[in-house]
Each structure stands twice: as C-alpha cells, then as structure tokens.
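Text of target_35.txt (compact mmCIF, C-alpha atoms) as supplied:
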```txt
# COMPACT_ATOMS: atom_id res chain seq x y z
CA MET Z 1 -19.33 59.47 32.19
CA ASP Z 2 -16.29 61.62 31.34
CA ILE Z 3 -12.81 60.18 30.79
CA LYS Z 4 -11.44 61.43 34.13
CA GLU Z 5 -14.20 59.66 36.04
CA LYS Z 6 -13.61 56.47 34.10
CA ILE Z 7 -9.88 56.59 34.88
CA ARG Z 8 -10.67 57.22 38.54
CA GLN Z 9 -12.94 54.16 38.69
CA ILE Z 10 -10.32 51.97 37.03
CA GLN Z 11 -7.66 53.16 39.49
CA THR Z 12 -10.01 52.43 42.39
CA ARG Z 13 -10.63 48.86 41.18
CA LEU Z 14 -6.90 48.26 40.69
CA ALA Z 15 -6.10 49.58 44.15
CA LEU Z 16 -8.73 47.24 45.65
CA LYS Z 17 -7.23 44.25 43.84
CA ARG Z 18 -3.78 45.14 45.14
CA ARG Z 19 -5.08 45.25 48.71
CA ILE Z 20 -6.77 41.88 48.29
CA SER Z 21 -3.63 40.41 46.68
CA VAL Z 22 -1.70 40.86 49.94
CA VAL Z 23 -3.31 37.55 50.96
CA PHE Z 24 -1.40 35.81 48.16
CA ARG Z 25 1.87 36.59 49.90
CA PHE Z 26 1.08 33.84 52.39
CA PHE Z 27 1.30 31.25 49.59
CA PRO Z 28 4.76 29.82 48.84
CA VAL Z 29 6.82 30.93 45.85
CA ARG Z 30 7.06 28.12 43.31
CA ARG Z 31 10.42 28.23 41.59
CA ASN Z 32 9.25 26.15 38.63
CA LYS Z 33 6.56 28.73 37.74
CA VAL Z 34 7.39 31.44 35.20
CA VAL Z 35 4.90 34.24 34.41
CA PHE Z 36 5.21 36.06 31.08
CA ASP Z 37 3.79 39.39 30.00
CA ASN Z 38 4.08 40.96 26.55
CA PHE Z 39 3.08 44.62 26.20
CA SER Z 40 0.67 44.45 29.17
CA GLY Z 41 -1.31 41.45 28.00
CA ARG Z 42 -1.27 42.20 24.27
CA GLY Z 43 -0.68 38.78 22.86
CA TYR Z 44 1.88 36.03 22.39
CA GLY Z 45 5.06 37.52 20.98
CA ASP Z 46 8.38 39.35 21.35
CA ASP Z 47 11.18 38.11 23.62
CA PRO Z 48 8.81 36.59 26.22
CA LYS Z 49 7.43 34.18 23.58
CA TYR Z 50 10.86 32.97 22.50
CA ILE Z 51 12.10 32.61 26.07
CA CYS Z 52 8.93 30.71 26.96
CA GLU Z 53 9.36 28.26 24.09
CA ALA Z 54 13.05 27.71 24.81
CA LEU Z 55 12.26 26.95 28.46
CA HIS Z 56 9.64 24.40 27.41
CA ARG Z 57 12.12 22.69 25.09
CA LYS Z 58 14.57 22.35 27.97
CA ASP Z 59 12.21 21.44 30.83
CA GLN Z 60 8.65 20.36 30.08
CA ALA Z 61 7.81 20.13 33.78
CA LEU Z 62 7.87 23.92 34.15
CA ASP Z 63 4.63 25.76 34.86
CA LEU Z 64 4.54 28.48 32.19
CA VAL Z 65 1.86 31.16 32.59
CA TRP Z 66 0.94 33.82 30.01
CA LEU Z 67 -0.97 36.98 30.95
CA LEU Z 68 -3.47 37.88 28.23
CA GLU Z 69 -6.10 40.58 27.85
CA ARG Z 70 -9.64 39.38 28.52
CA GLY Z 71 -11.72 38.30 25.53
CA ASP Z 72 -8.78 37.88 23.15
CA GLU Z 73 -9.85 34.43 21.94
CA PRO Z 74 -8.01 34.54 18.56
CA GLU Z 75 -4.78 35.32 20.38
CA LYS Z 76 -5.48 32.70 23.03
CA ASN Z 77 -5.88 30.09 20.29
CA SER Z 78 -2.38 30.88 19.00
CA ILE Z 79 -0.75 30.10 22.35
CA PRO Z 80 0.57 26.54 22.80
CA LYS Z 81 -1.54 24.22 24.94
CA TRP Z 82 1.34 23.71 27.35
CA VAL Z 83 1.14 27.40 28.35
CA ARG Z 84 -1.54 28.39 30.88
CA THR Z 85 -3.31 31.66 30.03
CA VAL Z 86 -4.62 33.96 32.75
CA PRO Z 87 -6.50 37.26 32.24
CA TYR Z 88 -4.17 40.23 32.49
CA GLY Z 89 -4.90 42.54 35.46
CA SER Z 90 -7.14 39.99 37.21
CA LEU Z 91 -6.88 38.67 40.75
CA ALA Z 92 -5.83 35.35 39.20
CA ALA Z 93 -2.93 37.14 37.48
CA LEU Z 94 -1.88 38.73 40.76
CA TYR Z 95 -1.94 35.28 42.40
CA GLU Z 96 0.26 33.81 39.65
CA LEU Z 97 2.70 36.73 39.87
CA SER Z 98 2.78 36.57 43.68
CA THR Z 99 3.67 32.87 43.68
CA ALA Z 100 5.96 32.64 40.62
CA GLY Z 101 9.68 32.08 40.86
CA VAL Z 102 10.31 34.19 37.76
CA TRP Z 103 8.70 37.16 36.04
CA VAL Z 104 9.48 37.93 32.39
CA ASP Z 105 8.17 41.23 31.04
CA ASN Z 106 9.09 43.53 28.15
CA VAL Z 107 7.56 46.83 29.31
CA LYS Z 108 7.79 48.71 32.57
CA THR Z 109 4.15 49.67 33.07
CA SER Z 110 2.57 46.25 33.55
CA TYR Z 111 0.28 45.60 36.49
CA LYS Z 112 2.17 43.68 39.17
CA PRO Z 113 2.02 43.00 42.91
CA ARG Z 114 4.89 43.82 45.23
CA LYS Z 115 7.86 41.61 44.46
CA ARG Z 116 8.73 39.01 47.10
CA LYS Z 117 12.02 37.75 48.43
CA GLY Z 118 13.34 34.92 46.25
CA GLN Z 119 11.56 36.02 43.09
CA PHE Z 120 13.61 36.76 39.98
CA TYR Z 121 12.56 39.49 37.54
CA LEU Z 122 13.95 39.53 33.99
CA GLN Z 123 13.20 42.81 32.17
CA ALA Z 124 13.24 41.76 28.49
CA TRP Z 125 12.88 45.27 27.05
CA HIS Z 126 10.95 45.30 23.77
CA SER Z 127 13.61 46.56 21.37
CA CYS Z 128 17.18 45.48 20.63
CA LEU Z 129 18.09 49.02 19.64
CA GLY Z 130 15.89 52.07 19.32
CA LEU Z 131 15.97 55.16 17.16
CA LYS Z 132 13.75 57.10 19.57
CA LYS Z 133 15.17 58.29 22.88
CA ASN Z 134 13.89 56.42 25.93
CA GLU Z 135 13.40 56.81 29.65
CA GLU Z 136 15.66 59.41 31.29
CA ASP Z 137 16.95 60.53 27.88
CA ALA Z 138 13.38 61.63 27.05
CA GLU Z 139 12.00 62.43 30.49
CA LYS Z 140 11.08 66.02 29.52
CA VAL Z 141 8.35 64.70 27.19
CA LEU Z 142 7.36 61.42 28.86
CA PRO Z 143 4.40 61.46 31.30
CA ALA Z 144 5.33 61.76 34.97
CA ALA Z 145 3.25 58.69 35.82
CA TYR Z 146 5.18 56.61 33.28
CA LEU Z 147 8.53 57.76 34.66
CA LYS Z 148 7.44 56.88 38.19
CA ASN Z 149 6.44 53.37 37.06
CA SER Z 150 9.68 53.00 35.16
CA GLN Z 151 11.79 53.93 38.15
CA HIS Z 152 9.95 51.49 40.39
CA ASP Z 153 10.23 48.71 37.81
CA ALA Z 154 13.97 49.28 37.52
CA SER Z 155 14.34 49.09 41.29
CA VAL Z 156 12.97 45.52 41.40
CA THR Z 157 14.58 44.25 38.17
CA ASP Z 158 17.24 41.56 38.60
CA LEU Z 159 18.64 41.42 35.08
CA MET Z 160 18.58 43.14 31.70
CA TYR Z 161 20.42 42.17 28.53
CA SER Z 162 21.42 43.54 25.14
CA ASN Z 163 23.12 42.34 21.98
CA ASN Z 164 24.96 45.65 21.43
CA ASP Z 165 27.16 48.02 23.40
CA PHE Z 166 25.16 51.15 22.53
CA ARG Z 167 21.90 49.92 24.08
CA ARG Z 168 23.75 48.24 26.94
CA GLU Z 169 25.21 51.61 27.90
CA ARG Z 170 21.78 53.28 27.70
CA TYR Z 171 20.35 50.64 30.06
CA ARG Z 172 23.05 51.53 32.54
CA LYS Z 173 22.76 55.30 32.26
CA ALA Z 174 19.19 56.16 31.25
CA TYR Z 175 16.86 53.38 32.41
CA TYR Z 176 17.05 54.06 36.17
CA TYR Z 177 18.62 50.63 36.51
CA ASN Z 178 21.72 49.84 38.57
CA GLY Z 179 21.93 46.08 38.11
CA THR Z 180 23.68 43.75 35.70
CA VAL Z 181 23.28 44.26 31.95
CA LEU Z 182 24.30 41.04 30.24
CA LYS Z 183 25.65 41.16 26.70
CA CYS Z 184 24.18 38.31 24.67
CA SER Z 185 22.05 37.57 21.63
CA VAL Z 186 18.41 38.62 21.87
CA PRO Z 187 15.79 35.82 22.07
CA ARG Z 188 13.36 37.13 19.45
CA CYS Z 189 16.13 37.42 16.85
CA SER Z 190 16.28 33.61 16.75
CA VAL Z 191 13.42 33.50 14.23
CA LEU Z 192 15.36 35.86 11.94
CA PHE Z 193 18.38 33.56 11.90
CA ARG Z 194 17.06 30.04 12.45
CA GLY Z 195 13.31 30.11 11.79
CA ARG Z 196 12.83 32.13 8.62
CA GLU Z 197 11.48 29.31 6.45
CA ARG Z 198 8.94 28.24 9.08
CA ALA Z 199 7.87 31.84 9.66
CA ASP Z 200 7.50 32.39 5.92
CA ARG Z 201 5.20 29.36 5.62
CA LYS Z 202 3.06 30.49 8.57
CA VAL Z 203 2.68 34.05 7.34
CA ARG Z 204 1.87 33.02 3.77
CA GLU Z 205 -0.72 30.52 4.96
CA PHE Z 206 -2.29 33.04 7.35
CA PHE Z 207 -2.68 35.75 4.68
CA SER Z 208 -3.12 33.41 1.67
CA ILE Z 209 -0.03 34.79 -0.07
CA PRO Z 210 1.04 32.72 -3.10
CA PRO Z 211 4.67 31.53 -3.20
CA GLU Z 212 5.56 33.63 -6.26
CA LYS Z 213 4.71 36.88 -4.45
CA ARG Z 214 7.26 38.71 -2.34
CA ILE Z 215 6.34 40.49 0.88
CA VAL Z 216 6.94 44.09 1.91
CA LEU Z 217 6.17 44.77 5.55
CA TYR Z 218 5.09 48.32 6.39
CA ALA Z 219 5.45 48.77 10.15
CA PRO Z 220 5.42 52.39 11.35
CA THR Z 221 5.66 53.32 15.02
CA PHE Z 222 3.00 55.21 16.98
CA ARG Z 223 2.78 58.95 17.59
CA ALA Z 224 1.89 60.51 20.92
CA ASP Z 225 -1.16 62.15 19.32
CA LYS Z 226 -2.17 58.83 17.70
CA ASP Z 227 -2.55 60.53 14.32
CA VAL Z 228 -2.44 57.72 11.74
CA SER Z 229 -2.89 59.96 8.70
CA VAL Z 230 0.91 60.29 8.59
CA TYR Z 231 1.10 56.59 7.64
CA GLN Z 232 -0.73 57.13 4.37
CA PHE Z 233 1.08 57.13 1.04
CA ASN Z 234 0.51 55.57 -2.38
CA TYR Z 235 0.96 51.91 -1.45
CA CYS Z 236 0.14 50.66 -4.97
CA ARG Z 237 2.77 52.93 -6.52
CA CYS Z 238 5.31 51.65 -4.00
CA LEU Z 239 4.47 48.00 -4.81
CA ASP Z 240 4.89 48.71 -8.53
CA LEU Z 241 8.30 50.28 -7.93
CA LEU Z 242 9.46 47.34 -5.84
CA LYS Z 243 8.29 44.92 -8.52
CA LYS Z 244 10.26 46.86 -11.10
CA HIS Z 245 13.49 47.39 -9.15
CA TYR Z 246 13.77 44.60 -6.53
CA SER Z 247 15.29 41.99 -8.85
CA ARG Z 248 17.86 44.55 -10.01
CA PHE Z 249 19.11 45.68 -6.61
CA MET Z 250 19.09 42.14 -5.18
CA GLY Z 251 20.85 40.70 -8.23
CA LEU Z 252 18.01 38.30 -9.09
CA GLN Z 253 17.04 36.97 -12.51
CA LYS Z 254 13.28 37.32 -12.22
CA GLU Z 255 11.05 40.20 -11.24
CA SER Z 256 8.37 39.35 -8.70
CA GLY Z 257 5.13 40.96 -7.65
CA PHE Z 258 4.78 42.27 -4.11
CA ILE Z 259 2.09 42.16 -1.43
CA MET Z 260 2.14 44.68 1.41
CA LEU Z 261 1.41 43.73 5.01
CA LEU Z 262 0.47 46.80 7.06
CA ARG Z 263 1.34 46.41 10.74
CA LEU Z 264 0.42 49.23 13.11
CA HIS Z 265 2.02 49.65 16.54
CA PRO Z 266 0.06 48.10 19.47
CA GLY Z 267 -0.51 51.65 20.77
CA VAL Z 268 -2.71 52.49 17.75
CA ALA Z 269 -3.87 49.00 16.80
CA GLU Z 270 -7.51 49.96 17.22
CA LYS Z 271 -7.17 52.34 14.25
CA SER Z 272 -6.01 49.72 11.76
CA GLY Z 273 -9.54 49.27 10.42
CA GLY Z 274 -9.51 52.78 8.98
CA PHE Z 275 -7.18 51.87 6.10
CA HIS Z 276 -8.11 50.56 2.68
CA TYR Z 277 -7.18 46.93 2.08
CA ASP Z 278 -7.37 44.74 -1.01
CA ASP Z 279 -5.62 41.72 -2.53
CA ASP Z 280 -2.28 43.57 -2.54
CA VAL Z 281 -2.50 45.40 0.80
CA LYS Z 282 -3.44 43.33 3.85
CA ASN Z 283 -4.07 44.26 7.49
CA ALA Z 284 -1.40 42.52 9.60
CA THR Z 285 -1.87 44.58 12.77
CA MET Z 286 -3.47 41.75 14.74
CA TYR Z 287 -1.09 39.03 13.57
CA PRO Z 288 0.26 37.47 16.79
CA ASP Z 289 4.02 37.80 16.22
CA MET Z 290 5.73 40.83 14.67
CA GLN Z 291 9.03 38.92 14.46
CA GLU Z 292 7.49 36.27 12.21
CA LEU Z 293 6.24 39.01 9.90
CA LEU Z 294 9.72 40.51 9.81
CA ALA Z 295 11.30 37.12 9.17
CA ALA Z 296 8.94 36.48 6.24
CA ALA Z 297 9.34 39.96 4.72
CA ASP Z 298 11.66 40.59 1.79
CA VAL Z 299 11.60 44.35 2.36
CA LEU Z 300 10.75 46.52 5.38
CA ILE Z 301 9.28 50.02 5.24
CA SER Z 302 9.07 51.86 8.53
CA ASP Z 303 9.86 55.21 10.14
CA TYR Z 304 11.23 55.47 13.70
CA SER Z 305 10.34 51.95 14.83
CA ALA Z 306 12.98 49.77 16.50
CA CYS Z 307 12.16 46.99 14.04
CA ILE Z 308 14.42 48.71 11.49
CA PHE Z 309 17.46 47.57 13.48
CA ASP Z 310 16.28 43.95 13.69
CA ALA Z 311 16.13 44.06 9.88
CA VAL Z 312 19.63 45.56 9.72
CA PHE Z 313 21.01 42.70 11.83
CA VAL Z 314 20.05 40.25 9.06
CA ARG Z 315 20.67 42.75 6.23
CA LYS Z 316 17.08 43.00 4.98
CA PRO Z 317 16.47 46.07 2.77
CA VAL Z 318 14.92 48.92 4.79
CA PHE Z 319 13.28 52.11 3.55
CA LEU Z 320 12.12 54.90 5.87
CA TYR Z 321 9.07 57.05 5.21
CA THR Z 322 9.22 59.99 7.65
CA PRO Z 323 7.05 62.91 6.45
CA ASP Z 324 6.98 64.37 9.98
CA LEU Z 325 10.73 64.10 10.65
CA ALA Z 326 11.25 67.71 11.79
CA GLU Z 327 8.27 67.62 14.11
CA TYR Z 328 8.96 64.14 15.45
CA SER Z 329 12.66 64.64 16.17
CA GLY Z 330 12.12 68.15 17.53
CA SER Z 331 8.97 68.09 19.64
CA ASP Z 332 8.54 64.39 20.37
CA ARG Z 333 11.20 62.23 22.04
CA GLY Z 334 14.14 63.00 19.79
CA LEU Z 335 16.43 60.52 18.04
CA TYR Z 336 19.63 58.79 19.09
CA PHE Z 337 21.20 58.71 15.63
CA GLU Z 338 21.64 61.26 12.87
CA GLN Z 339 20.92 60.25 9.30
CA LYS Z 340 24.61 60.11 8.37
CA GLU Z 341 25.15 57.45 11.04
CA LEU Z 342 22.49 55.08 9.66
CA PRO Z 343 22.58 52.59 6.77
CA PHE Z 344 19.41 54.14 5.30
CA THR Z 345 17.98 57.61 4.71
CA PHE Z 346 14.96 59.46 6.06
CA ASN Z 347 12.48 60.11 3.25
CA GLU Z 348 10.24 63.07 4.05
CA SER Z 349 8.10 62.77 0.92
CA GLU Z 350 6.70 60.07 -1.33
CA GLU Z 351 8.95 61.31 -4.11
CA SER Z 352 12.00 60.84 -1.91
CA LEU Z 353 10.85 57.35 -0.90
CA GLU Z 354 10.39 56.41 -4.55
CA GLN Z 355 13.85 57.72 -5.41
CA SER Z 356 15.37 55.69 -2.59
CA VAL Z 357 13.82 52.54 -4.05
CA LYS Z 358 14.99 53.38 -7.57
CA SER Z 359 18.58 54.11 -6.52
CA PHE Z 360 18.96 51.37 -3.90
CA CYS Z 361 22.12 49.26 -4.18
CA TYR Z 362 22.15 46.20 -1.97
CA LYS Z 363 25.95 45.81 -1.91
CA ILE Z 364 26.40 49.37 -0.68
CA TYR Z 365 23.61 48.88 1.85
CA VAL Z 366 25.22 45.73 3.27
CA LYS Z 367 28.53 47.56 3.64
CA LYS Z 368 26.80 50.37 5.55
CA CYS Z 369 25.03 47.81 7.75
CA ASP Z 370 28.35 46.13 8.52
CA GLU Z 371 29.91 49.45 9.49
CA PHE Z 372 26.92 50.43 11.64
CA CYS Z 373 26.84 47.10 13.49
CA THR Z 374 30.57 47.43 14.19
CA ARG Z 375 30.08 50.95 15.60
CA ILE Z 376 27.34 49.88 18.02
CA GLY Z 377 29.27 46.77 19.07
CA LEU Z 378 26.70 44.23 17.90
CA GLU Z 379 27.02 40.54 18.80
CA GLU Z 380 24.07 38.49 17.53
CA ASP Z 381 24.03 34.83 16.47
CA GLY Z 382 20.31 34.02 16.76
CA LYS Z 383 20.78 31.80 19.82
CA GLY Z 384 19.64 34.22 22.52
CA ASP Z 385 16.47 32.24 23.30
CA ASP Z 386 18.48 29.20 24.40
CA TYR Z 387 21.04 31.32 26.24
CA ILE Z 388 18.48 33.23 28.31
CA ALA Z 389 16.48 30.07 29.01
CA ASP Z 390 19.62 28.33 30.33
CA LEU Z 391 20.40 31.36 32.48
CA LEU Z 392 16.91 31.36 34.01
CA LEU Z 393 17.14 27.65 34.72
CA LYS Z 394 20.37 28.29 36.64
CA THR Z 395 19.27 31.44 38.47
CA GLY Z 396 15.62 32.30 39.02
CA ILE Z 397 14.20 28.81 38.54
CA LYS Z 398 16.95 26.75 40.16
CA LYS Z 399 18.70 29.42 42.17
CA ASN Z 400 22.52 29.29 42.11
CA VAL Z 401 22.95 25.64 41.15
CA GLY Z 402 26.16 24.43 42.76
CA GLY Z 403 26.54 27.77 44.55
CA GLU Z 404 27.51 29.56 41.32
CA ASN Z 405 25.98 32.89 40.26
CA VAL Z 406 26.07 32.74 36.46
CA TYR Z 407 25.76 36.45 35.81
```
Just give me the structure of the file as structure tokens.
Amino acid sequence: MDIKEKIRQIQTRLALKRRISVVFRFFPVRRNKVVFDNFSGRGYGDDPKYICEALHRKDQALDLVWLLERGDEPEKNSIPKWVRTVPYGSLAALYELSTAGVWVDNVKTSYKPRKRKGQFYLQAWHSCLGLKKNEEDAEKVLPAAYLKNSQHDASVTDLMYSNNDFRRERYRKAYYYNGTVLKCSVPRCSVLFRGRERADRKVREFFSIPPEKRIVLYAPTFRADKDVSVYQFNYCRCLDLLKKHYSRFMGLQKESGFIMLLRLHPGVAEKSGGFHYDDDVKNATMYPDMQELLAAADVLISDYSACIFDAVFVRKPVFLYTPDLAEYSGSDRGLYFEQKELPFTFNESEESLEQSVKSFCYKIYVKKCDEFCTRIGLEEDGKGDDYIADLLLKTGIKKNVGGENVY
C-alpha cells in the first residue's frame, strides 16, 4: 500500500468518526469536565500539564481528562491517577470533547469535533516566544492543510495568553485570531521558578545521574525534511570543554563533570534511536516533560527551538549550534530575531561552538538577557499555572461567577 492510499484510508476513518460523533451533541455539556491535549496526544507535559495540576489543587471534584496516543503505556503510567486518560482520536475522545465544559490544547491541528455553545476553548500555544516565524508570518512555506486547520482553530478559540508583548502582538496579527490575548505568566514556567529542586531529583533518579554531575541538555528543533544528521557534533569534546570552563564562567570553586541529555523534537522523536549513547550521553527524547529537563539542566544547547527563551527567562547559560543557519533562515520559515538582538550567538561550526564555551562570561550574558527581556516586554513570575487555573474556574468551568467576565 502506498503512502497516498494509507492517508486516504485514515482520512476516511476520521470522517466516519466525525459523522458518528454528531450523536454526542445530544448529551449535555458538563462544566466541571476539562479535556487536555498536548501535541496531539503526545504525552503529559507542557502548559496543559501545569494547568491540569493547578486545577486539581484548587478543586479536586473536577473531571480532568487527558487525551493520549494509543499504546503509550509508559507515558500513561506517568499521569496522575486523578486524571482520566482516553485514547487520542478515538470515539471516546470525541465524546469527552463534545461534552466537556473546557478544552485546553497547545497545537492547532488536534482532532476535535465541532465546538458547541457554552464550551470554552483555551489555546495554550506551545512556546512562550519563538525564534522561528509562525502561522501567517510563514504561510508561504507552511502546508495549505495546516493553515486551513489553524484558521479554523483560531475561529473557535476563546482565549490566548502570553508573558511578553512581542508574542502577544504576533498572536493578534499573525495567528488568525481576533479574540482576547491575556498578558500573564506562562503555566509551564512555574517549574523553572518554583519546582527546580523537585525536577532535578526526578530527572536524576530517572537517568541515574549522580549528584556530583552537572547536566547539559541538548534540545534541537525539527527540520521540515526530518534530517537529523545536522544534530551531530562531538558531544564528548563539548562535555570536556564544559567541565573545564563551567566553574570559571559561573564563578564556582569546583569543576564538575557533565552528562548530556539529548532531547529530540516530538516531530522526529522516532529517530532518536539512531544516535550513539553511553554513560555520558543519554537519550531523553521520550522523557515525559521537557520543562522538567530544562529545570534540571545547568546548561542548554539548542538551535532554533523556543526552549532557548524559557532558559533566558531564568538566566540559564544557552549555546546555539546552527550549522544550517543560512539554509534554515532562508528557505525554511525564517527567523524573528537577528543575532545582534539575542543574548547568544549562532555557531555555524563546532569550532565556533567551542569558542563560545571558552569565551562565555556569565555576567555579560545576564546583562544581555536583562536587556532582551526588557525589549520584548517580558512579565514572568512563575505563577501562571495558578493564574490560568483561577481564570478557568471563573469562566469556562463556572461561567461568569457573579456576572463578571474576568478577561
């Protein structure tokens, strides 16, 4: 069977499920039910996770439902028992979505039924701030089918939010969205501010990392052609350089050894097995929560991934390895910021990356981070999970308590 025929069969099955799901519209909407989706069923993480947990802390009577890809038992085991899991894309998922008071999603291409009157949809977009251009800003290179889905998703979205003015303005002008964009802290940043010690313990236990070792997280983004060869460089050489220079640029007394956690983007996760791993380089692609990895990391290496800005918000050292910079910025989606605007530099070769490590000065870096955060109008205190949960309790879950619209 060729790929076109397989796609056609999948589309036919999905269309049939949608027709059947019309029956679910005769069931009442339950305001105390919240359905969460993270990257179309790809695990328990990102803003939906932190909103979910904040809601449970505030009201344990809520019915919290998580959509999860079929057969993902390791991921299912990481989800709290008080969250119901339902297979993503199933008729059961369509029933839960059709009868939920609130939807929380962080991408625009998830499989959903037609939204009903009285339902509240929070679009918790999956990055606080991105380097790559998105949506209408990149519509010349994005697939037409994606853009169509994005436009429809925006038309039924009730609320978006951002912790900075730059991204807030992009939501208004380039995301096909005409509704309210709230300015507030971002839920998943809470672990970077308030949960770092707990995240560090979890990550170290999961990967058997001894306490004397520091962690460098290597988290590159995906490419449209899914070519992962661009992620390869001399990891061992990099770890040696960090061991030699980290204590100097952080003003510490003692040098420490490093372990690298390699985390591929969900879009190329299936290719993570093709890398060489050992005691010093570990595969972290399938670890449930990227934010916990970032919270535990002492240093981040990436390229064009939005995670670089999460690290900037808490002033973690960031190094970029971008050997395909000219190609990526020219023929892919393009970039929002030039190098001179950023607190770090693009390194197009291993030699350049090594030089960046050798010459890194943390005090200068922090100053650049401060200036950058001021320019984008950042406001982040690590309490976004509680803020958004309270908002949902007053709007989508308990609509307009006391007749007041809180946003």
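Distances from Z:Ile215, Z:Ser247, Z:Tyr277, Z:Glu348 to Z:Asp298 were compared using only C-alpha atoms, and the smallest one belongs to Z:Ile215.
The interatomic distance for the pair atom CA of Z:Asn164 and atom CA of Z:Gly377 works out to 5.0 Å.
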Shell around Z:Glu354 at 10 Å using only C-alpha atoms, local window under 4 positions removed, as number ranges by chain:
Z: 237-238, 241-242, 319, 321, 347, 349-350, 358-360
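Relative to atom CA of Z:Pro323, atom CA of Z:Val230 is found at 7.0 Å.
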Contacts of stretch 280-286 of chain Z at 12 Å (only C-alpha atoms; same-chain gap of 5+ positions) as number ranges by chain
Z: 42-45, 72, 74-75, 78, 203-204, 206-210, 213-221, 234-240, 257-275, 292-294
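Using only C-alpha atoms, the nearest neighbour of Z:Ile308 within the list Z:Ser190, Z:Ser127, Z:Thr374, Z:Ser150 is Z:Ser127.
Excluding Z:Phe344 itself and same-chain residues fewer than 3 positions from it, the residues having an atom within 10 Å of it are Ile308, Val312, Pro317, Val318, Phe319, Leu320, Gln339, Lys340, Glu341, Asn347, Ser356, Phe360, Tyr365, Lys368 and Cys369 of chain Z, counting all atoms listed in the file.
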What's around stretch 51-68 of chain Z at 9 Å? Count all atoms listed in the file, leave out sequence neighbours fewer than 4 positions away in its own chain, and write the answer as an MDAnalysis selection string.
chainID Z and resid 31:38 40:44 47 72 75:76 79 82:89 93 96 104 187:188 384:390 392:393
Would you write out those residues with C-alpha atoms, as a compact mmCIF listing (two decimals), in the coordinates of the input?
```txt
# COMPACT_ATOMS: atom_id res chain seq x y z
CA ARG Z 31 10.42 28.23 41.59
CA ASN Z 32 9.25 26.15 38.63
CA LYS Z 33 6.56 28.73 37.74
CA VAL Z 34 7.39 31.44 35.20
CA VAL Z 35 4.90 34.24 34.41
CA PHE Z 36 5.21 36.06 31.08
CA ASP Z 37 3.79 39.39 30.00
CA ASN Z 38 4.08 40.96 26.55
CA SER Z 40 0.67 44.45 29.17
CA GLY Z 41 -1.31 41.45 28.00
CA ARG Z 42 -1.27 42.20 24.27
CA GLY Z 43 -0.68 38.78 22.86
CA TYR Z 44 1.88 36.03 22.39
CA ASP Z 47 11.18 38.11 23.62
CA ASP Z 72 -8.78 37.88 23.15
CA GLU Z 75 -4.78 35.32 20.38
CA LYS Z 76 -5.48 32.70 23.03
CA ILE Z 79 -0.75 30.10 22.35
CA TRP Z 82 1.34 23.71 27.35
CA VAL Z 83 1.14 27.40 28.35
CA ARG Z 84 -1.54 28.39 30.88
CA THR Z 85 -3.31 31.66 30.03
CA VAL Z 86 -4.62 33.96 32.75
CA PRO Z 87 -6.50 37.26 32.24
CA TYR Z 88 -4.17 40.23 32.49
CA GLY Z 89 -4.90 42.54 35.46
CA ALA Z 93 -2.93 37.14 37.48
CA GLU Z 96 0.26 33.81 39.65
CA VAL Z 104 9.48 37.93 32.39
CA PRO Z 187 15.79 35.82 22.07
CA ARG Z 188 13.36 37.13 19.45
CA GLY Z 384 19.64 34.22 22.52
CA ASP Z 385 16.47 32.24 23.30
CA ASP Z 386 18.48 29.20 24.40
CA TYR Z 387 21.04 31.32 26.24
CA ILE Z 388 18.48 33.23 28.31
CA ALA Z 389 16.48 30.07 29.01
CA ASP Z 390 19.62 28.33 30.33
CA LEU Z 392 16.91 31.36 34.01
CA LEU Z 393 17.14 27.65 34.72
```
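Distance check against Z:Gly179 using all atoms listed in the file: of Z:Tyr231, Z:Phe193, Z:Trp125, Z:Tyr161, the minimum falls on Z:Tyr161.
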Which residue of Z:Val191, Z:Arg375, Z:Glu205, Z:Leu91 approaches Z:Val23 most closely, using all atoms listed in the file:
Z:Leu91
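Nearest-residue note for Z:Ser329: choosing from Z:Leu131, Z:Cys361, Z:Ala124, Z:Val102, the minimum distance belongs to Z:Leu131, counting all atoms listed in the file.
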Kindly indicate which residue among Z:Val314, Z:Met160, Z:Ala154, Z:Ile20 lies nearest to Z:Tyr95, using all atoms listed in the file for the distances.
Z:Ile20
Z:Glu135 surroundings by only C-alpha atoms, 8 Å radius, close-in-sequence under 6 positions cut, as a PDB file with C-alpha atoms, in the frame of the given file:
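File written: result_4.pdb
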```
ATOM      1  CA  LEU Z 142       7.360  61.420  28.860  1.00  0.00           C
ATOM      2  CA  LEU Z 147       8.530  57.760  34.660  1.00  0.00           C
ATOM      3  CA  SER Z 150       9.680  53.000  35.160  1.00  0.00           C
ATOM      4  CA  ALA Z 174      19.190  56.160  31.250  1.00  0.00           C
ATOM      5  CA  TYR Z 175      16.860  53.380  32.410  1.00  0.00           C
ATOM      6  CA  TYR Z 176      17.050  54.060  36.170  1.00  0.00           C
TER       7      TYR Z 176
END
```
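Rounded to one decimal, atom CA of Z:Lys133 and atom CA of Z:Ala224 lie 13.6 Å from each other.
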Using all atoms of stretch 31-47 of chain Z listed in the file and a margin of 8 Å per side, can you give the axis-aligned box centre and edge lengths in Å to one decimal, as JSON?
```
{"center_x": 4.9, "center_y": 35.4, "center_z": 31.3, "size_x": 28.5, "size_y": 34.5, "size_z": 36.6}
```
